file model.txt (compact mmCIF, C-alpha atoms and all ligand atoms)
# COMPACT_ATOMS: atom_id res chain seq x y z
CA MET A 215 29.86 18.00 28.82
CA THR A 216 29.98 14.52 30.30
CA VAL A 217 27.37 11.83 30.42
CA ILE A 218 26.92 9.47 33.31
CA GLY A 219 28.07 6.02 32.41
CA CYS A 220 29.88 7.04 29.23
CA LEU A 221 33.52 7.46 28.62
CA HIS A 222 34.46 11.11 28.22
CA ASP A 223 36.08 10.52 24.86
CA GLN A 224 32.84 9.02 23.53
CA VAL A 225 31.06 12.36 23.92
CA ASP A 226 32.14 15.11 21.56
CA GLY A 227 29.52 17.66 22.61
CA SER A 228 27.09 16.80 19.84
CA ILE A 229 23.53 15.63 20.44
CA GLU A 230 24.34 12.45 18.46
CA SER A 231 27.08 11.50 20.88
CA VAL A 232 24.83 12.13 23.92
CA ALA A 233 22.19 9.96 22.23
CA ALA A 234 24.70 7.18 21.55
CA CYS A 235 25.84 7.18 25.18
CA LEU A 236 22.28 7.10 26.53
CA LEU A 237 21.50 4.16 24.28
CA ALA A 238 24.65 2.27 25.22
CA LYS A 239 23.97 2.77 28.91
CA HIS A 240 20.26 1.91 28.95
CA ARG A 241 19.81 -0.55 26.05
CA GLY A 242 16.94 -2.99 26.74
CA LYS A 243 15.57 -0.98 29.68
CA ALA A 244 12.50 1.17 30.25
CA ILE A 245 13.40 4.33 32.16
CA PRO A 246 11.07 7.16 33.25
CA VAL A 247 12.14 10.53 31.83
CA LEU A 248 12.04 11.92 35.38
CA HIS A 249 14.73 9.43 36.36
CA LEU A 250 16.87 10.32 33.33
CA LEU A 251 16.51 14.01 34.16
CA THR A 252 17.49 13.57 37.78
CA ARG A 253 20.56 11.58 36.85
CA ALA A 254 21.57 13.78 33.96
CA LEU A 255 21.07 17.35 35.10
CA SER A 256 24.51 17.68 36.61
CA ASP A 257 26.04 16.59 33.30
CA PHE A 258 23.94 18.18 30.59
CA SER A 259 20.83 20.27 30.22
CA SER A 260 17.28 18.96 30.05
CA ARG A 261 17.16 20.46 26.55
CA ASP A 262 20.11 18.29 25.48
CA LEU A 263 18.37 15.26 26.94
CA GLU A 264 15.17 16.07 25.08
CA LEU A 265 17.03 16.58 21.79
CA ALA A 266 19.00 13.36 22.24
CA LEU A 267 15.84 11.37 22.99
CA GLY A 268 14.08 12.98 20.01
CA HIS A 269 17.02 11.94 17.84
CA LEU A 270 16.86 8.35 19.11
CA GLU A 271 13.11 8.25 18.64
CA MET A 272 13.36 9.34 15.03
CA SER A 273 15.98 6.71 14.28
CA GLY A 274 13.77 4.03 15.86
CA ASP A 275 16.22 3.32 18.69
CA VAL A 276 13.83 4.27 21.47
CA TYR A 277 10.10 4.14 21.96
CA ILE A 278 8.74 6.93 24.14
CA GLU A 279 5.54 5.99 25.93
CA ARG A 280 3.87 9.34 26.39
CA ALA A 281 1.73 9.69 29.46
CA PRO A 282 -2.00 10.28 29.02
CA ARG A 283 -2.76 13.87 28.10
CA VAL A 284 -6.44 14.03 28.63
CA GLN A 285 -6.80 17.77 28.12
CA GLU A 286 -5.10 17.75 24.75
CA ASP A 287 -5.99 14.32 23.56
CA THR A 288 -6.14 15.10 19.89
CA VAL A 289 -3.03 17.27 19.88
CA VAL A 290 0.11 15.22 19.61
CA GLY A 291 3.55 16.76 19.64
CA GLN A 292 7.09 15.55 19.89
CA GLY A 293 7.58 17.18 23.28
CA ILE A 294 8.82 14.89 26.02
CA ARG A 295 7.65 15.21 29.62
CA SER A 296 9.00 13.97 32.90
CA THR A 297 6.05 11.57 33.23
CA ASP A 298 6.92 9.79 29.94
CA ILE A 299 8.83 6.50 29.84
CA VAL A 300 11.69 5.81 27.43
CA PHE A 301 12.14 2.25 26.13
CA PHE A 302 15.74 1.97 24.93
CA ASP A 303 15.98 -0.36 21.94
CA THR A 304 12.91 -2.18 23.21
CA PHE A 305 9.12 -1.85 23.23
CA PRO A 306 6.41 -2.51 25.84
CA THR A 307 5.82 -6.23 25.76
CA ILE A 308 3.41 -8.84 27.11
CA LEU A 309 3.53 -12.62 26.92
CA ARG A 310 0.65 -14.80 25.76
CA LYS A 311 -0.17 -18.49 26.00
CA SER A 312 -1.61 -18.78 22.48
CA LEU A 313 -1.72 -16.77 19.29
CA LEU A 314 -3.56 -18.33 16.33
CA TYR A 315 -7.30 -18.75 16.65
CA LYS A 316 -10.42 -19.13 14.56
CA THR A 317 -12.29 -15.85 14.46
CA GLY A 318 -16.03 -15.34 14.76
CA VAL A 319 -15.82 -12.36 12.38
CA GLU A 320 -18.07 -13.23 9.45
CA TYR A 321 -15.52 -12.84 6.67
CA GLY A 322 -12.50 -14.12 8.60
CA ASP A 323 -10.88 -17.54 9.01
CA PHE A 324 -7.94 -17.74 11.41
CA THR A 325 -6.58 -14.59 12.97
CA ILE A 326 -3.65 -13.26 14.98
CA ASN A 327 -3.70 -10.32 17.37
CA HIS A 328 -0.04 -9.89 18.23
CA VAL A 329 -0.39 -6.51 19.92
CA LEU A 330 -2.49 -5.54 22.94
CA GLY A 331 -4.06 -2.11 22.51
CA CYS A 332 -3.99 0.28 19.61
CA ALA A 333 -2.49 3.76 19.47
CA HIS A 334 -5.15 4.91 17.01
CA GLY A 335 -7.66 5.32 19.81
CA CYS A 336 -10.78 5.29 17.62
CA ARG A 337 -13.81 6.77 19.28
CA TYR A 338 -16.78 5.15 17.55
CA PRO A 339 -15.86 3.65 20.13
CA CYS A 340 -13.44 0.83 19.24
CA TYR A 341 -15.22 -2.48 19.91
CA ALA A 342 -11.90 -4.27 20.56
CA MET A 343 -11.18 -1.76 23.33
CA VAL A 344 -14.64 -2.23 24.85
CA LEU A 345 -13.99 -5.99 25.03
CA ALA A 346 -10.43 -5.55 26.34
CA LYS A 347 -11.80 -3.34 29.13
CA ARG A 348 -14.59 -5.78 29.91
CA TYR A 349 -12.14 -8.67 30.29
CA GLY A 350 -9.67 -6.62 32.30
CA ARG A 351 -6.91 -6.63 29.69
CA VAL A 352 -6.70 -2.82 29.73
CA LYS A 353 -7.80 -0.32 32.37
CA ASP A 354 -9.20 2.49 30.28
CA TYR A 355 -8.97 4.41 26.99
CA ASP A 356 -5.50 5.77 27.74
CA ASP A 357 -4.22 2.33 28.66
CA TRP A 358 -5.64 1.00 25.38
CA LYS A 359 -3.77 3.69 23.43
CA HIS A 360 -0.41 2.43 24.72
CA PRO A 361 0.33 -0.66 22.60
CA ARG A 362 2.22 -3.70 23.90
CA ILE A 363 3.55 -6.30 21.49
CA VAL A 364 3.34 -10.02 22.22
CA GLY A 365 6.98 -10.78 22.92
CA ASN A 366 6.66 -14.54 22.38
CA ALA A 367 4.51 -14.29 19.22
CA LEU A 368 7.04 -15.97 16.93
CA GLU A 369 7.69 -18.86 19.32
CA LEU A 370 3.93 -19.41 19.69
CA LEU A 371 3.58 -19.40 15.93
CA GLU A 372 6.21 -22.14 15.58
CA ARG A 373 4.24 -24.26 18.04
CA GLU A 374 0.80 -23.57 16.61
CA ILE A 375 1.37 -23.78 12.85
CA PRO A 376 1.70 -27.61 12.86
CA LYS A 377 -1.39 -27.86 15.08
CA TYR A 378 -3.71 -25.82 12.82
CA ARG A 379 -2.00 -26.01 9.42
CA ARG A 380 -4.55 -28.31 7.76
CA ARG A 381 -7.53 -26.24 8.91
CA ILE A 382 -6.23 -22.81 7.91
CA ARG A 383 -7.45 -21.18 4.71
CA SER A 384 -6.02 -17.76 5.55
CA VAL A 385 -4.82 -15.77 8.54
CA HIS A 386 -5.98 -12.22 9.19
CA LEU A 387 -3.88 -9.54 10.93
CA SER A 388 -5.75 -8.29 12.88
CA PHE A 389 -9.29 -7.87 14.21
CA THR A 390 -8.48 -6.43 17.66
CA THR A 391 -5.40 -4.35 16.97
CA ASP A 392 -3.55 -2.87 13.99
CA PRO A 393 -0.56 -4.56 12.30
CA PHE A 394 0.77 -1.34 10.77
CA MET A 395 -0.11 0.99 13.61
CA TYR A 396 0.54 4.68 12.98
CA ASP A 397 2.77 6.66 15.30
CA ALA A 398 1.03 10.04 15.16
CA VAL A 399 3.89 11.76 16.99
CA ASN A 400 6.54 10.79 14.48
CA LYS A 401 4.18 10.40 11.51
CA ARG A 402 5.21 6.88 10.57
CA VAL A 403 4.32 3.30 11.40
CA PHE A 404 5.69 2.08 14.76
CA PRO A 405 8.84 0.22 13.63
CA TRP A 406 8.50 -2.49 16.33
CA VAL A 407 4.88 -3.29 15.47
CA LYS A 408 5.64 -3.31 11.75
CA ASP A 409 8.70 -5.52 12.22
CA LEU A 410 6.76 -8.13 14.20
CA SER A 411 3.86 -8.06 11.72
CA LEU A 412 6.21 -8.55 8.76
CA ARG A 413 7.99 -11.42 10.46
CA ILE A 414 4.68 -13.13 11.21
CA ILE A 415 3.50 -12.69 7.61
CA ALA A 416 6.78 -14.01 6.20
CA ARG A 417 6.65 -17.02 8.52
CA LEU A 418 3.07 -17.88 7.54
CA ASN A 419 3.83 -17.41 3.85
CA ARG A 420 6.77 -19.80 4.17
CA GLU A 421 4.18 -22.44 5.09
CA ASP A 422 2.09 -21.42 2.06
CA ILE A 423 -0.46 -19.81 4.36
CA ARG A 424 -2.11 -16.78 2.82
CA VAL A 425 -2.42 -13.62 4.90
CA THR A 426 -4.89 -10.74 4.84
CA THR A 427 -4.16 -7.51 6.66
CA LEU A 428 -6.25 -4.51 7.65
CA THR A 429 -4.92 -1.19 8.89
CA LYS A 430 -5.75 2.39 9.71
CA GLY A 431 -2.01 2.99 9.58
CA LEU A 432 0.14 2.76 6.46
CA CYS A 433 0.76 -0.43 4.48
CA PRO A 434 4.55 -0.69 4.25
CA PHE A 435 6.19 -0.93 0.85
CA GLU A 436 8.36 -3.80 2.19
CA LEU A 437 5.36 -6.03 1.44
CA THR A 438 6.41 -5.96 -2.22
CA HIS A 439 9.53 -7.94 -1.26
CA GLU A 440 9.62 -11.48 -2.63
CA VAL A 441 9.51 -13.14 0.82
CA TYR A 442 5.85 -12.12 1.02
CA SER A 443 3.32 -14.13 -0.99
CA ARG A 444 1.64 -12.46 -3.97
CA ASP A 445 -1.56 -14.16 -2.77
CA ASN A 446 -1.72 -12.00 0.36
CA GLU A 447 -4.40 -9.33 0.40
CA TYR A 448 -3.68 -5.96 2.00
CA GLY A 449 -6.45 -3.71 3.18
CA ILE A 450 -7.18 -0.36 4.77
CA SER A 451 -10.18 0.84 6.76
CA LEU A 452 -11.67 3.93 5.21
CA VAL A 453 -15.03 5.46 6.03
CA SER A 454 -14.34 9.13 5.40
CA LEU A 455 -11.78 11.42 3.81
CA ASP A 456 -12.89 14.33 5.98
CA SER A 457 -10.30 15.81 8.36
CA TRP A 458 -12.91 16.81 10.97
CA PHE A 459 -14.23 13.24 11.08
CA HIS A 460 -10.67 11.91 11.29
CA GLY A 461 -9.83 14.18 14.25
CA LYS A 462 -13.03 13.33 16.09
CA TYR A 463 -13.38 9.59 15.51
CA GLU A 464 -9.98 8.19 14.45
CA PRO A 465 -7.74 10.83 16.02
CA PHE A 466 -4.35 9.11 16.03
CA SER A 467 -4.65 6.92 12.95
CA ALA A 468 -2.90 7.76 9.67
CA PRO A 469 -4.59 10.55 7.70
CA PRO A 470 -7.04 8.90 5.26
CA GLU A 471 -5.36 10.26 2.11
CA LYS A 472 -2.01 8.84 3.26
CA ARG A 473 -3.62 5.44 3.90
CA VAL A 474 -4.99 5.40 0.36
CA LEU A 475 -1.63 6.44 -1.12
CA ALA A 476 0.26 3.68 0.69
CA LEU A 477 -2.30 1.11 -0.46
CA ARG A 478 -2.17 2.45 -4.02
CA ARG A 479 1.59 1.88 -4.08
CA LEU A 480 1.06 -1.79 -3.26
CA HIS A 481 -1.60 -2.07 -5.95
CA ASP A 482 0.71 -0.41 -8.49
CA ALA A 483 3.37 -2.95 -7.56
CA GLY A 484 0.94 -5.73 -8.53
CA LEU A 485 -0.29 -6.76 -5.06
CA LYS A 486 -3.89 -7.53 -4.10
CA THR A 487 -5.64 -4.78 -2.18
CA TRP A 488 -8.97 -4.23 -0.47
CA VAL A 489 -10.88 -1.68 1.58
CA SER A 490 -13.18 -2.03 4.56
CA ILE A 491 -15.77 0.77 4.54
CA GLU A 492 -17.03 0.20 8.05
CA PRO A 493 -18.46 1.67 10.25
CA TYR A 494 -19.94 3.92 7.58
CA PRO A 495 -21.48 7.02 9.25
CA THR A 496 -24.98 8.39 8.70
CA PRO A 497 -25.45 12.06 7.68
CA ASN A 498 -26.18 13.14 11.28
CA ILE A 499 -22.60 12.08 12.07
CA ILE A 500 -21.13 13.56 8.93
CA GLU A 501 -22.55 14.70 5.58
CA GLN A 502 -20.36 13.27 2.85
CA ASP A 503 -20.35 11.96 -0.68
CA LEU A 504 -19.94 8.16 -0.78
CA GLU A 505 -19.40 8.22 -4.54
CA PHE A 506 -16.38 10.51 -4.08
CA LEU A 507 -14.88 8.10 -1.54
CA LEU A 508 -15.48 5.12 -3.82
CA GLU A 509 -13.77 6.87 -6.72
CA LYS A 510 -10.64 7.32 -4.59
CA ILE A 511 -10.39 3.58 -4.01
CA ALA A 512 -11.60 2.34 -7.38
CA PHE A 513 -8.27 0.52 -7.90
CA VAL A 514 -8.81 -2.13 -5.17
CA ASP A 515 -9.74 -5.77 -5.80
CA LYS A 516 -12.25 -6.17 -2.97
CA MET A 517 -14.52 -3.99 -0.86
CA ILE A 518 -16.45 -4.61 2.33
CA PHE A 519 -19.23 -2.24 3.36
CA GLY A 520 -20.92 -2.13 6.76
CA ARG A 521 -23.12 0.21 8.74
CA TRP A 522 -22.30 2.16 11.91
CA ASN A 523 -23.09 -0.26 14.73
CA TYR A 524 -21.07 0.98 17.64
CA ASN A 525 -23.46 3.40 19.32
CA GLY A 526 -26.99 4.73 18.89
CA LEU A 527 -25.98 7.68 16.72
CA ALA A 528 -26.79 6.05 13.39
CA ASP A 529 -30.13 4.70 14.63
CA SER A 530 -31.14 8.15 15.82
CA TYR A 531 -30.97 9.33 12.20
CA GLN A 532 -34.44 9.49 10.68
CA GLY A 533 -34.45 7.35 7.59
CA VAL A 534 -31.47 5.27 8.68
CA THR A 535 -32.68 2.14 6.86
CA GLU A 536 -33.32 3.97 3.60
CA PHE A 537 -29.93 5.62 3.90
CA TYR A 538 -28.07 2.33 4.22
CA VAL A 539 -30.14 0.75 1.44
CA MET A 540 -29.07 3.62 -0.81
CA CYS A 541 -25.39 3.31 0.25
CA SER A 542 -25.31 -0.47 -0.18
CA ASP A 543 -26.88 -0.16 -3.62
CA MET A 544 -24.28 2.41 -4.56
CA VAL A 545 -21.40 0.22 -3.37
CA VAL A 546 -22.74 -2.89 -5.13
CA GLN A 547 -23.30 -0.95 -8.36
CA PHE A 548 -19.89 0.72 -8.18
CA CYS A 549 -18.14 -2.62 -7.60
CA ARG A 550 -20.01 -4.22 -10.48
CA GLU A 551 -18.95 -1.43 -12.84
CA HIS A 552 -15.30 -1.58 -11.71
CA GLY A 553 -14.88 -5.36 -11.50
CA ILE A 554 -14.43 -5.25 -7.71
CA THR A 555 -15.50 -8.17 -5.51
CA CYS A 556 -17.94 -6.82 -2.96
CA TYR A 557 -19.32 -7.91 0.37
CA ILE A 558 -22.06 -6.13 2.32
CA LYS A 559 -21.83 -7.04 5.99
CA LYS A 560 -24.50 -8.67 8.13
CA ARG A 561 -27.06 -6.28 9.62
CA THR A 562 -26.46 -3.85 6.76
CA PRO A 563 -29.24 -3.67 4.16
CA GLN A 564 -28.52 -5.75 1.03
CA SER A 565 -26.16 -8.05 2.95
CA SER A 566 -25.37 -10.90 0.62
CA LYS A 567 -24.92 -14.40 2.00
CA THR A 568 -23.40 -15.64 -1.22
CA THR A 569 -20.27 -13.49 -0.92
CA ARG A 570 -19.64 -14.25 2.74
CA SER A 571 -16.41 -16.08 1.98
CA ILE A 572 -14.90 -13.05 0.27
CA PHE A 573 -11.34 -14.02 1.25
CA SER A 574 -11.61 -17.63 0.22
CA VAL A 575 -11.98 -16.35 -3.37
CA GLN A 576 -8.80 -15.01 -4.96
S1 LIG B 601 -7.73 1.06 14.39
FE1 LIG B 601 -9.12 -0.61 14.91
S2 LIG B 601 -8.22 -1.59 16.71
FE2 LIG B 601 -7.27 0.40 16.49
S3 LIG B 601 -8.47 1.75 17.84
FE3 LIG B 601 -9.27 1.91 15.74
S4 LIG B 601 -10.96 0.45 15.65
FE4 LIG B 601 -9.69 -0.09 17.45

call {"tool": "encode", "arguments": {"input": "model.txt", "output": "C-alpha cells"}}
result
Amino acid sequence: MTVIGCLHDQVDGSIESVAACLLAKHRGKAIPVLHLLTRALSDFSSRDLELALGHLEMSGDVYIERAPRVQEDTVVGQGIRSTDIVFFDTFPTILRKSLLYKTGVEYGDFTINHVLGCAHGCRYPCYAMVLAKRYGRVKDYDDWKHPRIVGNALELLEREIPKYRRRIRSVHLSFTTDPFMYDAVNKRVFPWVKDLSLRIIARLNREDIRVTTLTKGLCPFELTHEVYSRDNEYGISLVSLDSWFHGKYEPFSAPPEKRVLALRRLHDAGLKTWVSIEPYPTPNIIEQDLEFLLEKIAFVDKMIFGRWNYNGLADSYQGVTEFYVMCSDMVVQFCREHGITCYIKKRTPQSSKTTRSIFSVQ
C-alpha cells in the first residue's frame, strides 16, 4: 500500500499510518471526500480511507462536515459519504467585525456568540436560526446545523475588552449558539468549539469578568481548572427528560440525562450551576411530570422557567394559562424549598420583576 504524497517508509500498512499520512499531506485544508477518493483509489481502498478518516475524527484531528441528509435527519451515523467535506486539523471558520455586545435578553448583560449556527438543530424551532435566516447569515436549516467558529474571536476580544470593561457585569456564552456544542456523530462536544469557548472564558476571567454559560451539549470538566473563575455560573437547557421529545425537538443535542450528569459533576466540584427550563412544553406537545424533572436538578443554584413561545402549539392547548400558572407555582415553590434562586421569564404567568437581575446576584 502506498499513499499519495507520503513517503513509502511512513506507511506500514496500518490504518494509523494511512491516517498520519493523510493528515500530514492535507493539514489546514478542507477537502471533499470525493476528491480524496478519486486521488486515493489507486493506492488504497475506499474502506481504508473511511477507516483512516474515522480514526482521525475520533482523535479530533479532522472535522467531517456531513452533507445534509434530509431523509434521515434524526439518524446520525459515523458513515462517511463522497459528498462530505474533511477539514484536516481545522474547522469551518468565519470572520467577524465585532464580538462583545449588550444583549436584549431580559436576564443577560453582555454576550458573545463566537460560533455561527448550531449542530443541535432544535425544532421548536430555534429562534436564533429564524433570525439568522432572516438576516441572510444562513441559507436554511441544514446550513444552520453546520457550525462555523469565529476565527478572529480572540483578537476581537483583546480589542473590545478595554472598550467595554467598565460597563460589563457579566458575559454570557451564548444566546444564539452553543458554547459546548454536542457532536452527535461522535457523542462528545466538538473539540474546536469547546477549545475556543474555554479560551474566551479564561481570557475574560483574567480580567475579572464573570462568565455565565448555557448549553444543550455537555459542560466540560476542564471548567474545574483553576484558570476559570469560581464565580462563573454554568447552565444547561432542560425542558424534558423524554427520549421521544429529545428526538423530535432537540434531535442532535446531548441526551438530557447526560447533560444533567455533566452539570452535576461541576456542582460536585464546587462550581455554581443553573438550569434554564425553557421553552417548557404544554401537555398537547408532551405529557410529563414537572416535579420529576425538578427533582433531577435539585442540586443547582439557580433556575429560570419560561413558557413555549416559538409556535402556536402551546396556545392551541385548552387551559394554557392555567397550565403555566400551575407550572410556575410549582417551580417557585420547589426553589423556595430547596434554596434555589428562581426567575420566571416575561410572558410566563407569575413572572417576577424583582428577580430580573438573576445573574447580578451571586
Ligand atoms: S441549542 Fe440553542 S442555539 Fe442550538 S439549535 Fe437549539 S435552540 Fe438553537

call {"tool": "closest_residue", "arguments": {"input": "model.txt", "among": "A:Phe537, A:Phe389, A:Phe548, A:Tyr531", "to": "His328 in chain A", "atoms": "all atoms listed in the file"}}
result
A:Phe389

call {"tool": "closest_residue", "arguments": {"input": "model.txt", "among": "A:Met395, A:Ala238, A:Ala416, A:Val489", "to": "ligand LIG 601 (chain B)", "atoms": "all atoms listed in the file"}}
result
A:Met395

call {"tool": "residues_around", "arguments": {"input": "model.txt", "residues": "Arg380 in chain A", "least_positions_apart": "2", "cutoff": "12 Å", "atoms": "all atoms listed in the file", "output": "list of chain:residue names"}}
result
A:Phe324, A:Glu374, A:Ile375, A:Pro376, A:Lys377, A:Tyr378, A:Ile382, A:Arg383, A:Ser384, A:Glu421, A:Asp422, A:Ile423

call {"tool": "write_last_selection", "arguments": {"input": "model.txt", "atoms": "C-alpha atoms", "output": "compact mmCIF listing (two decimals), in the coordinates of the input"}}
result
# COMPACT_ATOMS: atom_id res chain seq x y z
CA PHE A 324 -7.94 -17.74 11.41
CA GLU A 374 0.80 -23.57 16.61
CA ILE A 375 1.37 -23.78 12.85
CA PRO A 376 1.70 -27.61 12.86
CA LYS A 377 -1.39 -27.86 15.08
CA TYR A 378 -3.71 -25.82 12.82
CA ILE A 382 -6.23 -22.81 7.91
CA ARG A 383 -7.45 -21.18 4.71
CA SER A 384 -6.02 -17.76 5.55
CA GLU A 421 4.18 -22.44 5.09
CA ASP A 422 2.09 -21.42 2.06
CA ILE A 423 -0.46 -19.81 4.36

call {"tool": "atom_distance", "arguments": {"input": "model.txt", "atom1": "CA of Ile554 in chain A", "atom2": "CA of Glu501 in chain A"}}
result
25.3 Å

call {"tool": "residues_near_point", "arguments": {"input": "model.txt", "point": "(3.2, 8.3, 25.6)", "cutoff": "6 Å", "atoms": "only C-alpha atoms", "output": "ChimeraX atom specification"}}
result
/A:278-281,298

call {"tool": "closest_residue", "arguments": {"input": "model.txt", "among": "A:Asp392, A:Lys347, A:Tyr338, A:Tyr442", "to": "Arg521 in chain A", "atoms": "only C-alpha atoms"}}
result
A:Tyr338

call {"tool": "atom_distance", "arguments": {"input": "model.txt", "atom1": "CA of Val474 in chain A", "atom2": "CA of Gly318 in chain A"}}
result
27.6 Å

call {"tool": "residues_near_ligand", "arguments": {"input": "model.txt", "ligand": "ligand LIG 601 (chain B)", "cutoff": "6 Å", "atoms": "all atoms listed in the file", "output": "JSON, numbers by chain"}}
result
{"A": [332, 334, 335, 336, 340, 342, 390, 391, 392, 430]}

call {"tool": "write_last_selection", "arguments": {"input": "model.txt", "atoms": "C-alpha atoms", "output": "tab-separated table (two decimals), in the coordinates of the input"}}
result
chain	number	residue	atom	x	y	z
A	332	CYS	CA	-3.99	0.28	19.61
A	334	HIS	CA	-5.15	4.91	17.01
A	335	GLY	CA	-7.66	5.32	19.81
A	336	CYS	CA	-10.78	5.29	17.62
A	340	CYS	CA	-13.44	0.83	19.24
A	342	ALA	CA	-11.90	-4.27	20.56
A	390	THR	CA	-8.48	-6.43	17.66
A	391	THR	CA	-5.40	-4.35	16.97
A	392	ASP	CA	-3.55	-2.87	13.99
A	430	LYS	CA	-5.75	2.39	9.71

call {"tool": "atom_distance", "arguments": {"input": "model.txt", "atom1": "CA of Arg413 in chain A", "atom2": "CA of Ala398 in chain A"}}
result
23.0 Å

call {"tool": "residues_near_point", "arguments": {"input": "model.txt", "point": "(-3.6, -6.7, 1.4)", "cutoff": "12 Å", "atoms": "all atoms listed in the file", "output": "PyMOL selection string"}}
result
chain A and resi 385-388+393-394+415+424-429+432-435+437-438+442-451+476-481+483-490+514-517+573+576

call {"tool": "closest_residue", "arguments": {"input": "model.txt", "among": "A:Leu368, A:Ile499, A:Leu412, A:Val300", "to": "His460 in chain A", "atoms": "all atoms listed in the file"}}
result
A:Ile499

call {"tool": "closest_residue", "arguments": {"input": "model.txt", "among": "A:Asn498, A:Gln564, A:Gln532, A:Val453", "to": "Gln547 in chain A", "atoms": "all atoms listed in the file"}}
result
A:Gln564

call {"tool": "closest_residue", "arguments": {"input": "model.txt", "among": "A:Gly274, A:Gly268, A:Gly520, A:Gly365", "to": "Lys311 in chain A", "atoms": "only C-alpha atoms"}}
result
A:Gly365

call {"tool": "residues_around", "arguments": {"input": "model.txt", "residues": "Ser565 in chain A", "least_positions_apart": "5", "cutoff": "10 Å", "atoms": "only C-alpha atoms", "output": "list in words"}}
result
Phe519, Gly520, Val539, Ser542, Tyr557, Ile558, Lys559, Lys560 and Arg570 of chain A

call {"tool": "build_atoms", "arguments": {"input": "model.txt", "residues": "range 304-320 of chain A", "atoms": "N, CA and C atoms", "output": "compact mmCIF listing (two decimals), in the frame of the given file"}}
result
# COMPACT_ATOMS: atom_id res chain seq x y z
N THR A 304 13.89 -1.16 22.83
CA THR A 304 12.91 -2.18 23.21
C THR A 304 11.53 -1.54 23.13
N PHE A 305 10.50 -2.33 23.38
CA PHE A 305 9.12 -1.85 23.23
C PHE A 305 8.29 -2.51 24.33
N PRO A 306 7.25 -1.86 24.83
CA PRO A 306 6.41 -2.51 25.84
C PRO A 306 5.93 -3.87 25.33
N THR A 307 6.04 -4.85 26.19
CA THR A 307 5.82 -6.23 25.76
C THR A 307 4.95 -6.98 26.76
N ILE A 308 4.13 -7.88 26.25
CA ILE A 308 3.41 -8.84 27.11
C ILE A 308 3.72 -10.24 26.58
N LEU A 309 3.39 -11.24 27.38
CA LEU A 309 3.53 -12.62 26.92
C LEU A 309 2.14 -13.23 26.84
N ARG A 310 1.95 -14.12 25.87
CA ARG A 310 0.65 -14.80 25.76
C ARG A 310 0.86 -16.31 25.78
N LYS A 311 -0.25 -17.03 25.99
CA LYS A 311 -0.17 -18.49 26.00
C LYS A 311 -0.51 -19.07 24.63
N SER A 312 -1.26 -18.30 23.81
CA SER A 312 -1.61 -18.78 22.48
C SER A 312 -1.74 -17.59 21.55
N LEU A 313 -1.73 -17.88 20.25
CA LEU A 313 -1.72 -16.77 19.29
C LEU A 313 -2.76 -16.96 18.17
N LEU A 314 -2.66 -18.09 17.47
CA LEU A 314 -3.56 -18.33 16.33
C LEU A 314 -4.93 -18.79 16.83
N TYR A 315 -5.97 -18.21 16.32
CA TYR A 315 -7.30 -18.75 16.65
C TYR A 315 -8.30 -18.47 15.55
N LYS A 316 -9.35 -19.25 15.55
CA LYS A 316 -10.42 -19.13 14.56
C LYS A 316 -11.31 -17.98 14.98
N THR A 317 -11.51 -17.03 14.09
CA THR A 317 -12.29 -15.85 14.46
C THR A 317 -13.79 -16.06 14.22
N GLY A 318 -14.58 -15.32 14.98
CA GLY A 318 -16.03 -15.34 14.76
C GLY A 318 -16.44 -14.26 13.77
N VAL A 319 -15.48 -13.43 13.32
CA VAL A 319 -15.82 -12.36 12.38
C VAL A 319 -16.27 -13.00 11.07
N GLU A 320 -17.38 -12.52 10.54
CA GLU A 320 -18.07 -13.23 9.45
C GLU A 320 -17.22 -13.49 8.22
